[in-house]
Amino acid sequence: MRRFIIALGLMVFLAAACKKVTYEWQNYTYTAVPIVTIDTTKTALPTKQTGKVAFFNLNDPNLASQEFAFTLSWEGFGKETVKSIEVYASYNKAEASVPAYPLVISSPGNQYPNIAQFPLPSIVGSNDHLFETVTDFPKSYHFTATELAAMNHVNLTSVAVNDYFLFKFILNLTDGRRIVTFFNNICDEARGEPGDCRVGVRFKKQ
């Protein structure tokens with residue numbers, strides 16, 4: 001029995017000694033994620049909370065006064081805390097392939113939209129401008145279509161169906177890390193992922 005234990009220990013030692021590669025995923029760390037709650041009453045067309053999207057209706061003569069509202073917070077899962085969140089805003093033309101409307105809700109649990117409502121991954125780029133940095137949470141936002149257009153230097157008469165205003169978030173953790181990119185496995189609405197890395201309002205014509 002003792003020989004067996006010695007032999008087993010030698011095998012483990014040799015296996016460890018032969019390891020020549022350390023993979024990045026082996027040095028993982030925890031992070032917090034942004035959490036968004038949209039106000040589903042502040043949308044010109046019906047939406048779902050899980051879609052993290054609201055809508056403006058271009059057919060409505062009161063387009064300028066239509067509303068979009070959400071609350072921003074964060075979740076650290078008992079592992080990390082957030083010092084601040086940078087909020088970025090942008091105006092974007094419609095993608096080549098856009099999500100269907102009304103929202104198509106699919107499994108699991110007849111709860112989530114069948115496709116992400118805005119492009120992934122969520123990366124702050126040259127089209128996004130810093131709106132503000134938030135340090136007190138939760139933070140509530142409320143905009144009219146006119147206010148969003150002015151913020152993004154857009155003339156409302158020039159927007160088209162499926163164009164959209166989008167907010168993205170960068171997290172500054174209390175340990176000094178700055179989380180600048182969120183990939184699909186963090187904030188894909190279609191899969192009910194744990195974070196909400198962006199939220200927006202899209203133009204429709206209903």
# chains A, B, ... in the order shown; residues from 1 in each chain; ligands from 1

call {"tool": "residues_around", "arguments": {"residues": "Arg198 in chain A", "least_positions_apart": "3", "cutoff": "12 Å", "atoms": "only C-alpha atoms", "output": "PyMOL selection string"}}
result
chain A and resi 33-38+51-53+70-72+86-90+116-124+128+165-170+181-184+186-189+195+201

call {"tool": "select_by_dssp", "arguments": {"residues": "range 101-193 of chain A", "states": "helix (DSSP H, G or I)", "output": "JSON list (two decimals) with all heavy atoms, in the first residue's frame"}}
result
[["chain", "number", "residue", "atom", "x", "y", "z"],
["A", 145, "ALA", "N", -37.76, 62.04, -26.50],
["A", 145, "ALA", "CA", -37.08, 61.85, -27.79],
["A", 145, "ALA", "C", -36.30, 63.11, -28.16],
["A", 145, "ALA", "O", -35.18, 63.03, -28.69],
["A", 145, "ALA", "CB", -38.10, 61.50, -28.87],
["A", 146, "THR", "N", -36.86, 64.27, -27.87],
["A", 146, "THR", "CA", -36.19, 65.54, -28.17],
["A", 146, "THR", "C", -34.89, 65.66, -27.39],
["A", 146, "THR", "O", -33.85, 66.07, -27.93],
["A", 146, "THR", "CB", -37.10, 66.72, -27.82],
["A", 146, "THR", "OG1", -38.24, 66.69, -28.68],
["A", 146, "THR", "CG2", -36.38, 68.05, -28.01],
["A", 147, "GLU", "N", -34.92, 65.29, -26.12],
["A", 147, "GLU", "CA", -33.71, 65.39, -25.28],
["A", 147, "GLU", "C", -32.63, 64.43, -25.75],
["A", 147, "GLU", "O", -31.44, 64.79, -25.79],
["A", 147, "GLU", "CB", -34.09, 65.11, -23.83],
["A", 147, "GLU", "CG", -34.92, 66.22, -23.20],
["A", 147, "GLU", "CD", -35.51, 65.84, -21.86],
["A", 147, "GLU", "OE1", -35.64, 64.62, -21.59],
["A", 147, "GLU", "OE2", -35.84, 66.75, -21.09],
["A", 148, "LEU", "N", -33.00, 63.21, -26.12],
["A", 148, "LEU", "CA", -32.01, 62.26, -26.62],
["A", 148, "LEU", "C", -31.41, 62.73, -27.94],
["A", 148, "LEU", "O", -30.21, 62.58, -28.18],
["A", 148, "LEU", "CB", -32.64, 60.88, -26.79],
["A", 148, "LEU", "CG", -32.89, 60.10, -25.50],
["A", 148, "LEU", "CD1", -33.64, 58.80, -25.80],
["A", 148, "LEU", "CD2", -31.58, 59.78, -24.79],
["A", 149, "ALA", "N", -32.26, 63.31, -28.80],
["A", 149, "ALA", "CA", -31.77, 63.82, -30.08],
["A", 149, "ALA", "C", -30.77, 64.95, -29.85],
["A", 149, "ALA", "O", -29.69, 64.99, -30.48],
["A", 149, "ALA", "CB", -32.93, 64.29, -30.93],
["A", 150, "ALA", "N", -31.09, 65.87, -28.95],
["A", 150, "ALA", "CA", -30.19, 66.99, -28.68],
["A", 150, "ALA", "C", -28.88, 66.50, -28.07],
["A", 150, "ALA", "O", -27.79, 66.98, -28.43],
["A", 150, "ALA", "CB", -30.88, 67.98, -27.73],
["A", 151, "MET", "N", -28.96, 65.53, -27.17],
["A", 151, "MET", "CA", -27.78, 64.99, -26.51],
["A", 151, "MET", "C", -26.82, 64.36, -27.53],
["A", 151, "MET", "O", -25.60, 64.43, -27.37],
["A", 151, "MET", "CB", -28.20, 63.92, -25.50],
["A", 151, "MET", "CG", -27.06, 63.24, -24.78],
["A", 151, "MET", "SD", -27.57, 61.70, -23.97],
["A", 151, "MET", "CE", -29.00, 62.23, -23.06],
["A", 156, "LEU", "N", -34.45, 65.01, -35.26],
["A", 156, "LEU", "CA", -35.47, 63.96, -35.25],
["A", 156, "LEU", "C", -36.12, 63.74, -36.61],
["A", 156, "LEU", "O", -36.61, 62.66, -36.90],
["A", 156, "LEU", "CB", -36.56, 64.29, -34.21],
["A", 156, "LEU", "CG", -36.27, 63.89, -32.77],
["A", 156, "LEU", "CD1", -37.43, 64.30, -31.87],
["A", 156, "LEU", "CD2", -36.01, 62.39, -32.66],
["A", 157, "THR", "N", -36.11, 64.76, -37.46],
["A", 157, "THR", "CA", -36.72, 64.60, -38.78],
["A", 157, "THR", "C", -35.88, 63.71, -39.70],
["A", 157, "THR", "O", -36.34, 63.28, -40.75],
["A", 157, "THR", "CB", -36.93, 65.97, -39.46],
["A", 157, "THR", "OG1", -35.64, 66.60, -39.65],
["A", 157, "THR", "CG2", -37.81, 66.87, -38.61],
["A", 158, "SER", "N", -34.64, 63.43, -39.28],
["A", 158, "SER", "CA", -33.75, 62.64, -40.13],
["A", 158, "SER", "C", -33.68, 61.17, -39.73],
["A", 158, "SER", "O", -33.04, 60.37, -40.42],
["A", 158, "SER", "CB", -32.34, 63.23, -40.10],
["A", 158, "SER", "OG", -31.75, 63.06, -38.82],
["A", 184, "ASN", "N", -20.88, 38.41, -24.93],
["A", 184, "ASN", "CA", -22.22, 37.84, -25.02],
["A", 184, "ASN", "C", -22.62, 37.03, -23.79],
["A", 184, "ASN", "O", -23.80, 36.95, -23.47],
["A", 184, "ASN", "CB", -22.31, 36.95, -26.27],
["A", 184, "ASN", "CG", -21.95, 37.70, -27.53],
["A", 184, "ASN", "OD1", -21.26, 38.71, -27.49],
["A", 184, "ASN", "ND2", -22.43, 37.23, -28.66],
["A", 185, "ASN", "N", -21.67, 36.41, -23.12],
["A", 185, "ASN", "CA", -22.03, 35.57, -21.98],
["A", 185, "ASN", "C", -22.25, 36.37, -20.71],
["A", 185, "ASN", "O", -22.43, 35.81, -19.64],
["A", 185, "ASN", "CB", -20.96, 34.50, -21.74],
["A", 185, "ASN", "CG", -19.61, 35.09, -21.41],
["A", 185, "ASN", "OD1", -19.35, 36.26, -21.68],
["A", 185, "ASN", "ND2", -18.74, 34.29, -20.81],
["A", 186, "ILE", "N", -22.25, 37.69, -20.81],
["A", 186, "ILE", "CA", -22.57, 38.54, -19.67],
["A", 186, "ILE", "C", -23.92, 39.22, -19.87],
["A", 186, "ILE", "O", -24.70, 39.36, -18.94],
["A", 186, "ILE", "CB", -21.49, 39.63, -19.46],
["A", 186, "ILE", "CG1", -20.16, 38.97, -19.10],
["A", 186, "ILE", "CG2", -21.89, 40.62, -18.39],
["A", 186, "ILE", "CD1", -20.18, 38.23, -17.77],
["A", 187, "CYS", "N", -24.23, 39.64, -21.09],
["A", 187, "CYS", "CA", -25.41, 40.50, -21.25],
["A", 187, "CYS", "C", -26.17, 40.25, -22.55],
["A", 187, "CYS", "O", -26.56, 41.19, -23.23],
["A", 187, "CYS", "CB", -25.01, 41.95, -21.15],
["A", 187, "CYS", "SG", -23.66, 42.43, -22.24],
["A", 189, "GLU", "N", -29.57, 39.44, -23.95],
["A", 189, "GLU", "CA", -30.96, 39.39, -23.49],
["A", 189, "GLU", "C", -31.64, 38.08, -23.85],
["A", 189, "GLU", "O", -32.51, 37.61, -23.13],
["A", 189, "GLU", "CB", -31.77, 40.55, -24.10],
["A", 189, "GLU", "CG", -31.28, 41.92, -23.75],
["A", 189, "GLU", "CD", -30.20, 42.42, -24.70],
["A", 189, "GLU", "OE1", -30.01, 41.81, -25.76],
["A", 189, "GLU", "OE2", -29.53, 43.41, -24.36],
["A", 190, "ALA", "N", -31.24, 37.50, -24.97],
["A", 190, "ALA", "CA", -31.90, 36.28, -25.44],
["A", 190, "ALA", "C", -31.59, 35.07, -24.55],
["A", 190, "ALA", "O", -32.28, 34.06, -24.63],
["A", 190, "ALA", "CB", -31.48, 35.99, -26.89],
["A", 191, "ARG", "N", -30.56, 35.18, -23.73],
["A", 191, "ARG", "CA", -30.17, 34.05, -22.89],
["A", 191, "ARG", "C", -30.33, 34.34, -21.40],
["A", 191, "ARG", "O", -29.95, 33.53, -20.56],
["A", 191, "ARG", "CB", -28.72, 33.65, -23.19],
["A", 191, "ARG", "CG", -28.49, 33.30, -24.66],
["A", 191, "ARG", "CD", -27.17, 32.64, -24.89],
["A", 191, "ARG", "NE", -26.04, 33.46, -24.43],
["A", 191, "ARG", "CZ", -24.78, 33.09, -24.56],
["A", 191, "ARG", "NH1", -24.49, 31.93, -25.11],
["A", 191, "ARG", "NH2", -23.81, 33.88, -24.16]]

call {"tool": "residues_around", "arguments": {"residues": "Ile85 in chain A", "least_positions_apart": "3", "cutoff": "8 Å", "atoms": "only C-alpha atoms", "output": "tab-separated table (two decimals) with all heavy atoms, in the first residue's frame"}}
result
chain	number	residue	atom	x	y	z
A	82	VAL	N	-18.62	48.14	-6.68
A	82	VAL	CA	-18.44	49.14	-7.74
A	82	VAL	C	-18.23	50.52	-7.13
A	82	VAL	O	-19.00	50.94	-6.26
A	82	VAL	CB	-19.66	49.15	-8.68
A	82	VAL	CG1	-19.61	50.36	-9.62
A	82	VAL	CG2	-19.69	47.85	-9.49
A	133	THR	N	-20.53	60.17	-15.20
A	133	THR	CA	-20.01	59.10	-14.35
A	133	THR	C	-20.84	59.08	-13.07
A	133	THR	O	-20.95	60.10	-12.38
A	133	THR	CB	-18.53	59.31	-14.03
A	133	THR	OG1	-17.78	59.32	-15.26
A	133	THR	CG2	-18.00	58.20	-13.14
A	134	VAL	N	-21.40	57.92	-12.76
A	134	VAL	CA	-22.33	57.79	-11.63
A	134	VAL	C	-21.61	57.15	-10.45
A	134	VAL	O	-20.89	56.16	-10.61
A	134	VAL	CB	-23.54	56.93	-12.03
A	134	VAL	CG1	-24.55	56.86	-10.89
A	134	VAL	CG2	-24.19	57.47	-13.30
A	135	THR	N	-21.82	57.72	-9.26
A	135	THR	CA	-21.23	57.16	-8.05
A	135	THR	C	-22.28	56.78	-7.01
A	135	THR	O	-21.96	56.08	-6.05
A	135	THR	CB	-20.25	58.16	-7.41
A	135	THR	OG1	-20.93	59.41	-7.17
A	135	THR	CG2	-19.06	58.41	-8.34
A	169	PHE	N	-22.13	50.93	-20.69
A	169	PHE	CA	-21.59	51.17	-19.36
A	169	PHE	C	-20.18	50.58	-19.19
A	169	PHE	O	-19.90	49.48	-19.65
A	169	PHE	CB	-22.51	50.54	-18.31
A	169	PHE	CG	-23.97	50.88	-18.53
A	169	PHE	CD1	-24.86	49.90	-18.94
A	169	PHE	CD2	-24.42	52.18	-18.37
A	169	PHE	CE1	-26.19	50.21	-19.17
A	169	PHE	CE2	-25.75	52.50	-18.59
A	169	PHE	CZ	-26.64	51.51	-18.99
A	170	ILE	N	-19.32	51.36	-18.52
A	170	ILE	CA	-18.01	50.89	-18.10
A	170	ILE	C	-17.97	50.95	-16.57
A	170	ILE	O	-18.31	51.98	-15.98
A	170	ILE	CB	-16.88	51.75	-18.70
A	170	ILE	CG1	-16.74	51.46	-20.20
A	170	ILE	CG2	-15.55	51.48	-18.00
A	170	ILE	CD1	-15.68	52.30	-20.90
A	171	LEU	N	-17.56	49.85	-15.95
A	171	LEU	CA	-17.53	49.76	-14.49
A	171	LEU	C	-16.14	50.04	-13.94
A	171	LEU	O	-15.16	49.49	-14.44
A	171	LEU	CB	-17.98	48.37	-14.03
A	171	LEU	CG	-19.47	48.18	-13.72
A	171	LEU	CD1	-20.30	48.46	-14.96
A	171	LEU	CD2	-19.72	46.78	-13.20
A	172	ASN	N	-16.08	50.88	-12.90
A	172	ASN	CA	-14.85	51.08	-12.14
A	172	ASN	C	-15.04	50.42	-10.78
A	172	ASN	O	-15.89	50.84	-9.98
A	172	ASN	CB	-14.56	52.57	-11.97
A	172	ASN	CG	-14.28	53.24	-13.30
A	172	ASN	OD1	-13.35	52.88	-14.01
A	172	ASN	ND2	-15.11	54.21	-13.67

call {"tool": "residues_around", "arguments": {"residues": "Lys204 in chain A", "least_positions_apart": "5", "cutoff": "9 Å", "atoms": "only C-alpha atoms", "output": "JSON, numbers by chain"}}
result
{"A": [45, 55, 56, 57, 58, 59, 101, 160, 161, 162, 163]}

call {"tool": "write_last_selection", "arguments": {"atoms": "N, CA, C and O atoms", "output": "PDB file, in the first residue's frame"}}
result
ATOM      1  N   LEU A  45     -44.419  52.062 -27.670  1.00  0.00           N
ATOM      2  CA  LEU A  45     -44.941  50.774 -28.111  1.00  0.00           C
ATOM      3  C   LEU A  45     -44.611  49.735 -27.038  1.00  0.00           C
ATOM      4  O   LEU A  45     -43.599  49.853 -26.349  1.00  0.00           O
ATOM      5  N   PHE A  55     -39.319  51.767 -27.156  1.00  0.00           N
ATOM      6  CA  PHE A  55     -39.562  52.135 -28.555  1.00  0.00           C
ATOM      7  C   PHE A  55     -40.160  53.529 -28.676  1.00  0.00           C
ATOM      8  O   PHE A  55     -40.976  53.952 -27.850  1.00  0.00           O
ATOM      9  N   PHE A  56     -39.733  54.239 -29.729  1.00  0.00           N
ATOM     10  CA  PHE A  56     -40.371  55.468 -30.175  1.00  0.00           C
ATOM     11  C   PHE A  56     -41.158  55.134 -31.444  1.00  0.00           C
ATOM     12  O   PHE A  56     -40.699  54.328 -32.264  1.00  0.00           O
ATOM     13  N   ASN A  57     -42.310  55.756 -31.615  1.00  0.00           N
ATOM     14  CA  ASN A  57     -43.169  55.481 -32.766  1.00  0.00           C
ATOM     15  C   ASN A  57     -43.145  56.672 -33.724  1.00  0.00           C
ATOM     16  O   ASN A  57     -43.671  57.745 -33.419  1.00  0.00           O
ATOM     17  N   LEU A  58     -42.533  56.482 -34.884  1.00  0.00           N
ATOM     18  CA  LEU A  58     -42.424  57.558 -35.873  1.00  0.00           C
ATOM     19  C   LEU A  58     -43.773  57.972 -36.443  1.00  0.00           C
ATOM     20  O   LEU A  58     -43.895  59.060 -37.009  1.00  0.00           O
ATOM     21  N   ASN A  59     -44.779  57.148 -36.309  1.00  0.00           N
ATOM     22  CA  ASN A  59     -46.112  57.487 -36.816  1.00  0.00           C
ATOM     23  C   ASN A  59     -46.904  58.377 -35.862  1.00  0.00           C
ATOM     24  O   ASN A  59     -47.967  58.868 -36.217  1.00  0.00           O
ATOM     25  N   TYR A 101     -40.312  43.042 -34.562  1.00  0.00           N
ATOM     26  CA  TYR A 101     -41.243  43.678 -33.635  1.00  0.00           C
ATOM     27  C   TYR A 101     -42.659  43.330 -34.074  1.00  0.00           C
ATOM     28  O   TYR A 101     -42.947  43.382 -35.258  1.00  0.00           O
ATOM     29  N   ALA A 160     -34.719  57.220 -39.053  1.00  0.00           N
ATOM     30  CA  ALA A 160     -35.461  56.245 -39.846  1.00  0.00           C
ATOM     31  C   ALA A 160     -35.852  55.061 -38.971  1.00  0.00           C
ATOM     32  O   ALA A 160     -35.356  54.895 -37.854  1.00  0.00           O
ATOM     33  N   VAL A 161     -36.717  54.232 -39.503  1.00  0.00           N
ATOM     34  CA  VAL A 161     -37.162  53.035 -38.790  1.00  0.00           C
ATOM     35  C   VAL A 161     -35.948  52.168 -38.417  1.00  0.00           C
ATOM     36  O   VAL A 161     -35.063  51.935 -39.246  1.00  0.00           O
ATOM     37  N   ASN A 162     -35.928  51.730 -37.170  1.00  0.00           N
ATOM     38  CA  ASN A 162     -34.907  50.848 -36.592  1.00  0.00           C
ATOM     39  C   ASN A 162     -33.606  51.545 -36.230  1.00  0.00           C
ATOM     40  O   ASN A 162     -32.689  50.894 -35.711  1.00  0.00           O
ATOM     41  N   ASP A 163     -33.483  52.858 -36.471  1.00  0.00           N
ATOM     42  CA  ASP A 163     -32.382  53.588 -35.853  1.00  0.00           C
ATOM     43  C   ASP A 163     -32.596  53.543 -34.337  1.00  0.00           C
ATOM     44  O   ASP A 163     -33.722  53.297 -33.867  1.00  0.00           O
TER      45      ASP A 163
END

call {"tool": "atom_distance", "arguments": {"atom1": "CA of Thr144 in chain A", "atom2": "CA of Leu103 in chain A"}}
result
22.2 Å

call {"tool": "select_by_dssp", "arguments": {"residues": "range 106-180 of chain A", "states": "strand (DSSP E)", "output": "PyMOL selection string"}}
result
chain A and resi 106+112-113+122-123+129-134+139-144+164-173+178-179

call {"tool": "atom_distance", "arguments": {"atom1": "CA of Lys42 in chain A", "atom2": "CA of Ser140 in chain A"}}
result
12.8 Å

call {"tool": "closest_residue", "arguments": {"among": "A:Ala54, A:Asn155, A:Pro102, A:Val199", "to": "Glu67 in chain A", "atoms": "only C-alpha atoms"}}
result
A:Ala54

call {"tool": "atom_distance", "arguments": {"atom1": "CA of Lys79 in chain A", "atom2": "CA of Tyr28 in chain A"}}
result
12.8 Å

call {"tool": "decode", "arguments": {"residues": "range 114-199 of chain A", "atoms": "C-alpha atoms", "output": "PDB file, in the first residue's frame"}}
result
ATOM      1  CA  ASN A 114     -35.464  35.238 -29.089  1.00  0.00           C
ATOM      2  CA  ILE A 115     -32.572  37.485 -30.118  1.00  0.00           C
ATOM      3  CA  ALA A 116     -30.360  40.191 -28.597  1.00  0.00           C
ATOM      4  CA  GLN A 117     -32.058  43.552 -29.120  1.00  0.00           C
ATOM      5  CA  PHE A 118     -28.842  45.482 -29.811  1.00  0.00           C
ATOM      6  CA  PRO A 119     -25.497  44.424 -31.335  1.00  0.00           C
ATOM      7  CA  LEU A 120     -23.087  42.391 -29.233  1.00  0.00           C
ATOM      8  CA  PRO A 121     -20.433  42.462 -27.914  1.00  0.00           C
ATOM      9  CA  SER A 122     -20.950  45.710 -26.015  1.00  0.00           C
ATOM     10  CA  ILE A 123     -17.824  47.753 -26.696  1.00  0.00           C
ATOM     11  CA  VAL A 124     -17.543  51.494 -26.127  1.00  0.00           C
ATOM     12  CA  GLY A 125     -16.252  52.898 -29.396  1.00  0.00           C
ATOM     13  CA  SER A 126     -15.669  56.172 -31.209  1.00  0.00           C
ATOM     14  CA  ASN A 127     -19.395  56.641 -31.789  1.00  0.00           C
ATOM     15  CA  ASP A 128     -20.090  56.618 -28.043  1.00  0.00           C
ATOM     16  CA  HIS A 129     -19.615  59.740 -25.932  1.00  0.00           C
ATOM     17  CA  LEU A 130     -19.340  59.950 -22.155  1.00  0.00           C
ATOM     18  CA  PHE A 131     -22.625  61.247 -20.759  1.00  0.00           C
ATOM     19  CA  GLU A 132     -21.723  61.131 -17.068  1.00  0.00           C
ATOM     20  CA  THR A 133     -20.014  59.100 -14.349  1.00  0.00           C
ATOM     21  CA  VAL A 134     -22.328  57.793 -11.633  1.00  0.00           C
ATOM     22  CA  THR A 135     -21.235  57.160  -8.048  1.00  0.00           C
ATOM     23  CA  ASP A 136     -24.595  56.925  -6.233  1.00  0.00           C
ATOM     24  CA  PHE A 137     -26.880  53.999  -6.964  1.00  0.00           C
ATOM     25  CA  PRO A 138     -29.496  53.271  -8.030  1.00  0.00           C
ATOM     26  CA  LYS A 139     -29.550  56.129 -10.566  1.00  0.00           C
ATOM     27  CA  SER A 140     -32.737  56.888 -12.493  1.00  0.00           C
ATOM     28  CA  TYR A 141     -32.827  58.365 -15.992  1.00  0.00           C
ATOM     29  CA  HIS A 142     -35.716  59.898 -17.902  1.00  0.00           C
ATOM     30  CA  PHE A 143     -35.520  61.350 -21.407  1.00  0.00           C
ATOM     31  CA  THR A 144     -37.845  62.532 -24.141  1.00  0.00           C
ATOM     32  CA  ALA A 145     -37.081  61.852 -27.787  1.00  0.00           C
ATOM     33  CA  THR A 146     -36.191  65.537 -28.167  1.00  0.00           C
ATOM     34  CA  GLU A 147     -33.714  65.386 -25.282  1.00  0.00           C
ATOM     35  CA  LEU A 148     -32.007  62.260 -26.620  1.00  0.00           C
ATOM     36  CA  ALA A 149     -31.766  63.817 -30.076  1.00  0.00           C
ATOM     37  CA  ALA A 150     -30.194  66.990 -28.677  1.00  0.00           C
ATOM     38  CA  MET A 151     -27.776  64.986 -26.513  1.00  0.00           C
ATOM     39  CA  ASN A 152     -26.572  63.071 -29.563  1.00  0.00           C
ATOM     40  CA  HIS A 153     -26.686  65.992 -32.047  1.00  0.00           C
ATOM     41  CA  VAL A 154     -29.434  64.368 -34.118  1.00  0.00           C
ATOM     42  CA  ASN A 155     -32.335  65.992 -35.965  1.00  0.00           C
ATOM     43  CA  LEU A 156     -35.472  63.959 -35.246  1.00  0.00           C
ATOM     44  CA  THR A 157     -36.720  64.595 -38.784  1.00  0.00           C
ATOM     45  CA  SER A 158     -33.750  62.636 -40.134  1.00  0.00           C
ATOM     46  CA  VAL A 159     -34.186  59.399 -38.163  1.00  0.00           C
ATOM     47  CA  ALA A 160     -35.461  56.245 -39.846  1.00  0.00           C
ATOM     48  CA  VAL A 161     -37.162  53.035 -38.790  1.00  0.00           C
ATOM     49  CA  ASN A 162     -34.907  50.848 -36.592  1.00  0.00           C
ATOM     50  CA  ASP A 163     -32.382  53.588 -35.853  1.00  0.00           C
ATOM     51  CA  TYR A 164     -31.736  53.720 -32.112  1.00  0.00           C
ATOM     52  CA  PHE A 165     -30.276  55.575 -29.155  1.00  0.00           C
ATOM     53  CA  LEU A 166     -28.064  53.394 -26.971  1.00  0.00           C
ATOM     54  CA  PHE A 167     -26.461  53.657 -23.543  1.00  0.00           C
ATOM     55  CA  LYS A 168     -23.402  51.551 -22.658  1.00  0.00           C
ATOM     56  CA  PHE A 169     -21.585  51.167 -19.356  1.00  0.00           C
ATOM     57  CA  ILE A 170     -18.011  50.893 -18.097  1.00  0.00           C
ATOM     58  CA  LEU A 171     -17.531  49.762 -14.492  1.00  0.00           C
ATOM     59  CA  ASN A 172     -14.848  51.080 -12.140  1.00  0.00           C
ATOM     60  CA  LEU A 173     -14.437  48.595  -9.291  1.00  0.00           C
ATOM     61  CA  THR A 174     -13.273  49.527  -5.812  1.00  0.00           C
ATOM     62  CA  ASP A 175     -10.188  47.325  -6.279  1.00  0.00           C
ATOM     63  CA  GLY A 176      -9.021  49.652  -9.073  1.00  0.00           C
ATOM     64  CA  ARG A 177     -10.022  47.550 -12.078  1.00  0.00           C
ATOM     65  CA  ARG A 178     -11.886  49.140 -15.000  1.00  0.00           C
ATOM     66  CA  ILE A 179     -14.226  46.740 -16.821  1.00  0.00           C
ATOM     67  CA  VAL A 180     -14.493  48.142 -20.337  1.00  0.00           C
ATOM     68  CA  THR A 181     -15.947  45.307 -22.415  1.00  0.00           C
ATOM     69  CA  PHE A 182     -18.837  42.930 -21.845  1.00  0.00           C
ATOM     70  CA  PHE A 183     -19.198  39.938 -24.134  1.00  0.00           C
ATOM     71  CA  ASN A 184     -22.216  37.836 -25.016  1.00  0.00           C
ATOM     72  CA  ASN A 185     -22.028  35.570 -21.983  1.00  0.00           C
ATOM     73  CA  ILE A 186     -22.572  38.545 -19.673  1.00  0.00           C
ATOM     74  CA  CYS A 187     -25.408  40.498 -21.253  1.00  0.00           C
ATOM     75  CA  ASP A 188     -27.237  38.684 -24.030  1.00  0.00           C
ATOM     76  CA  GLU A 189     -30.960  39.389 -23.488  1.00  0.00           C
ATOM     77  CA  ALA A 190     -31.898  36.279 -25.436  1.00  0.00           C
ATOM     78  CA  ARG A 191     -30.174  34.049 -22.889  1.00  0.00           C
ATOM     79  CA  GLY A 192     -31.075  35.831 -19.668  1.00  0.00           C
ATOM     80  CA  GLU A 193     -27.444  36.529 -18.804  1.00  0.00           C
ATOM     81  CA  PRO A 194     -26.639  38.101 -15.401  1.00  0.00           C
ATOM     82  CA  GLY A 195     -25.740  41.640 -16.515  1.00  0.00           C
ATOM     83  CA  ASP A 196     -27.194  44.456 -18.608  1.00  0.00           C
ATOM     84  CA  CYS A 197     -24.263  46.054 -20.402  1.00  0.00           C
ATOM     85  CA  ARG A 198     -26.408  48.341 -22.580  1.00  0.00           C
ATOM     86  CA  VAL A 199     -29.951  49.611 -22.891  1.00  0.00           C
TER      87      VAL A 199
END
